[in-house]
Amino acid sequence: MPVSKLPGIGEAAPDFELPAVGGGTVCLETQPKPVALVFIRCLA
Amino acid sequence: MQLHRPGIVETLESLEAQILVISFAQLPRLEHWIAYFRRKFLAPVWGVEGSAAASTRGDRPFARTRFLSDPEREVYRAYGLDRLSPLRAGSPHILNQYLRWTLQGRPVHLTTEDVLQRGGNFVVGRDGHLTFSHTGRDQSDRPSADAILAALRYAN
């Protein structure tokens, strides 16, 4: 999948569902909001 | 998010905000890192280890946080987070930062992970739209916690 453009302020947040530490998955759409998304760099 | 800083956790609680931390590491590696992060950065402030009361306080910074694994980086790509060029990742600005950390006595670890993957910070409001969007020019360019909290207030 190619890299999308960086979504800007005011745009809809791309939805996703990912496995979580502790079990289960988390879906952005059903997550209580507001939500801060932190995409981390390497775990140095 | 600098959860060890005074006032950050209290503000997140007052805003009823959640934090989703997304890593491209596999789940087991991410779990291992979380334990290190708690011990190294949160324990001195929140008392993660020790008495039962300290343990309760220690859970507070993570009470609104979930850690997610995206090893295929599909979500990274959906949010426009590509990889830096090696030239940018090894710029004098970055090397200066590591030199400064070394002189301050901060631990600087070598890693076998992908140091070129961009990170980013976003805030999603109640309507599902973004009130904050940031990826840096390099790995040292990160938004302040205050800027993220301001966006969370606006999103509330």
# chains A, B, ... in the order shown; residues from 1 in each chain; ligands from 1

$ interface_residues --of "chain A" --to "chain B" --cutoff "7 Å" --atoms "only C-alpha atoms" --output "PyMOL selection string"
chain A and resi 2-14+16+18-21+33-44

$ select_by_dssp --residues "chain B" --states "helix (DSSP H, G or I)" --output "ChimeraX atom specification"
/B:8-15,27-46,52-62,74-78,86-89,92-103,145-155

$ atom_distance --atom1 "CA of Arg142 in chain B" --atom2 "CA of Tyr98 in chain B"
15.1 Å

$ select_by_dssp --residues "chain A" --states "strand (DSSP E)" --output "PyMOL selection string"
chain A and resi 17-19+25-27+35-39

$ write_last_selection --atoms "C-alpha atoms" --output "PDB file, in the first residue's frame"
ATOM      1  CA  GLU A  17      -8.301  -1.629  13.785  1.00  0.00           C
ATOM      2  CA  LEU A  18      -5.135  -2.951  15.421  1.00  0.00           C
ATOM      3  CA  PRO A  19      -4.207  -5.585  18.025  1.00  0.00           C
ATOM      4  CA  THR A  25      -8.172  -5.151  19.135  1.00  0.00           C
ATOM      5  CA  VAL A  26      -8.871  -1.434  19.143  1.00  0.00           C
ATOM      6  CA  CYS A  27     -10.919   0.243  16.432  1.00  0.00           C
ATOM      7  CA  VAL A  35      -8.222  10.661  21.214  1.00  0.00           C
ATOM      8  CA  ALA A  36      -4.552  11.504  20.865  1.00  0.00           C
ATOM      9  CA  LEU A  37      -2.780   9.215  18.394  1.00  0.00           C
ATOM     10  CA  VAL A  38       0.933   8.821  19.036  1.00  0.00           C
ATOM     11  CA  PHE A  39       2.814   7.017  16.263  1.00  0.00           C
TER      12      PHE A  39
END

$ atom_distance --atom1 "CA of Asp141 in chain B" --atom2 "CA of Asn96 in chain B"
13.1 Å

$ decode --residues "chain A" --atoms "N, CA and C atoms" --output "short mmCIF file (atom, residue, chain, number, x, y, z; two decimals), in the first residue's frame"
data_model
loop_
_atom_site.label_atom_id
_atom_site.label_comp_id
_atom_site.auth_asym_id
_atom_site.auth_seq_id
_atom_site.Cartn_x
_atom_site.Cartn_y
_atom_site.Cartn_z
N MET A 1 0.85 -1.19 0.00
CA MET A 1 0.00 0.00 0.00
C MET A 1 0.88 1.24 0.00
N PRO A 2 0.62 2.17 -0.92
CA PRO A 2 1.44 3.39 -0.95
C PRO A 2 1.16 4.29 0.25
N VAL A 3 2.09 5.18 0.51
CA VAL A 3 1.91 6.12 1.63
C VAL A 3 0.92 7.20 1.21
N SER A 4 -0.10 7.40 2.03
CA SER A 4 -1.08 8.45 1.76
C SER A 4 -0.48 9.80 2.11
N LYS A 5 -1.16 10.85 1.72
CA LYS A 5 -0.70 12.17 2.16
C LYS A 5 -1.05 12.35 3.63
N LEU A 6 -0.29 13.18 4.29
CA LEU A 6 -0.53 13.45 5.71
C LEU A 6 -1.91 14.09 5.86
N PRO A 7 -2.81 13.46 6.61
CA PRO A 7 -4.14 14.08 6.77
C PRO A 7 -4.03 15.37 7.59
N GLY A 8 -4.71 16.38 7.14
CA GLY A 8 -4.61 17.70 7.78
C GLY A 8 -5.73 17.94 8.78
N ILE A 9 -5.58 19.04 9.50
CA ILE A 9 -6.60 19.46 10.47
C ILE A 9 -7.92 19.69 9.74
N GLY A 10 -8.99 19.16 10.32
CA GLY A 10 -10.31 19.30 9.72
C GLY A 10 -10.71 18.12 8.86
N GLU A 11 -9.74 17.31 8.49
CA GLU A 11 -10.05 16.12 7.67
C GLU A 11 -10.48 14.96 8.57
N ALA A 12 -11.21 14.03 7.98
CA ALA A 12 -11.63 12.84 8.72
C ALA A 12 -10.41 11.98 9.04
N ALA A 13 -10.34 11.50 10.26
CA ALA A 13 -9.22 10.64 10.65
C ALA A 13 -9.39 9.27 10.01
N PRO A 14 -8.38 8.77 9.30
CA PRO A 14 -8.50 7.42 8.72
C PRO A 14 -8.77 6.39 9.81
N ASP A 15 -9.75 5.55 9.56
CA ASP A 15 -10.11 4.54 10.57
C ASP A 15 -9.12 3.38 10.51
N PHE A 16 -9.01 2.66 11.61
CA PHE A 16 -8.15 1.49 11.65
C PHE A 16 -8.59 0.57 12.77
N GLU A 17 -8.11 -0.66 12.71
CA GLU A 17 -8.30 -1.63 13.78
C GLU A 17 -6.99 -2.37 13.95
N LEU A 18 -6.45 -2.35 15.17
CA LEU A 18 -5.13 -2.95 15.42
C LEU A 18 -5.16 -3.78 16.70
N PRO A 19 -4.32 -4.82 16.77
CA PRO A 19 -4.21 -5.59 18.02
C PRO A 19 -3.54 -4.75 19.12
N ALA A 20 -4.03 -4.97 20.34
CA ALA A 20 -3.55 -4.17 21.47
C ALA A 20 -2.80 -5.03 22.48
N VAL A 21 -1.85 -4.41 23.14
CA VAL A 21 -1.19 -5.05 24.28
C VAL A 21 -2.26 -5.30 25.34
N GLY A 22 -2.25 -6.49 25.90
CA GLY A 22 -3.28 -6.85 26.89
C GLY A 22 -4.41 -7.64 26.27
N GLY A 23 -4.41 -7.77 24.95
CA GLY A 23 -5.42 -8.58 24.28
C GLY A 23 -6.46 -7.79 23.54
N GLY A 24 -7.07 -8.41 22.59
CA GLY A 24 -8.13 -7.78 21.82
C GLY A 24 -7.60 -6.82 20.77
N THR A 25 -8.54 -6.15 20.14
CA THR A 25 -8.17 -5.15 19.13
C THR A 25 -8.83 -3.83 19.50
N VAL A 26 -8.30 -2.76 18.94
CA VAL A 26 -8.87 -1.43 19.14
C VAL A 26 -9.22 -0.86 17.78
N CYS A 27 -10.44 -0.39 17.67
CA CYS A 27 -10.92 0.24 16.43
C CYS A 27 -11.12 1.73 16.71
N LEU A 28 -10.52 2.57 15.90
CA LEU A 28 -10.61 4.01 16.15
C LEU A 28 -12.06 4.49 16.14
N GLU A 29 -12.84 3.97 15.21
CA GLU A 29 -14.21 4.46 15.05
C GLU A 29 -15.04 4.32 16.34
N THR A 30 -14.81 3.23 17.06
CA THR A 30 -15.62 2.97 18.25
C THR A 30 -14.94 3.44 19.55
N GLN A 31 -13.78 4.02 19.41
CA GLN A 31 -13.04 4.48 20.58
C GLN A 31 -13.66 5.77 21.13
N PRO A 32 -13.84 5.88 22.46
CA PRO A 32 -14.31 7.15 23.01
C PRO A 32 -13.36 8.28 22.63
N LYS A 33 -13.91 9.44 22.36
CA LYS A 33 -13.08 10.57 21.90
C LYS A 33 -13.28 11.76 22.82
N PRO A 34 -12.34 12.68 22.88
CA PRO A 34 -11.20 12.85 21.98
C PRO A 34 -10.08 11.85 22.23
N VAL A 35 -9.33 11.62 21.18
CA VAL A 35 -8.22 10.66 21.21
C VAL A 35 -6.96 11.31 20.66
N ALA A 36 -5.87 11.13 21.39
CA ALA A 36 -4.55 11.50 20.87
C ALA A 36 -3.91 10.25 20.29
N LEU A 37 -3.49 10.33 19.03
CA LEU A 37 -2.78 9.21 18.39
C LEU A 37 -1.29 9.54 18.41
N VAL A 38 -0.52 8.62 18.96
CA VAL A 38 0.93 8.82 19.04
C VAL A 38 1.59 7.69 18.25
N PHE A 39 2.07 8.00 17.07
CA PHE A 39 2.81 7.02 16.26
C PHE A 39 4.28 7.13 16.66
N ILE A 40 4.77 6.09 17.32
CA ILE A 40 6.12 6.23 17.82
C ILE A 40 7.15 5.79 16.80
N ARG A 41 8.35 6.35 16.99
CA ARG A 41 9.48 6.00 16.16
C ARG A 41 10.04 4.70 16.74
N CYS A 42 11.25 4.37 16.50
CA CYS A 42 11.77 3.10 17.02
C CYS A 42 11.81 3.12 18.54
N LEU A 43 11.73 1.92 19.15
CA LEU A 43 11.65 1.81 20.61
C LEU A 43 13.04 1.81 21.22
N ALA A 44 13.84 2.80 20.94
CA ALA A 44 15.20 2.85 21.49
C ALA A 44 15.14 3.16 22.98
#
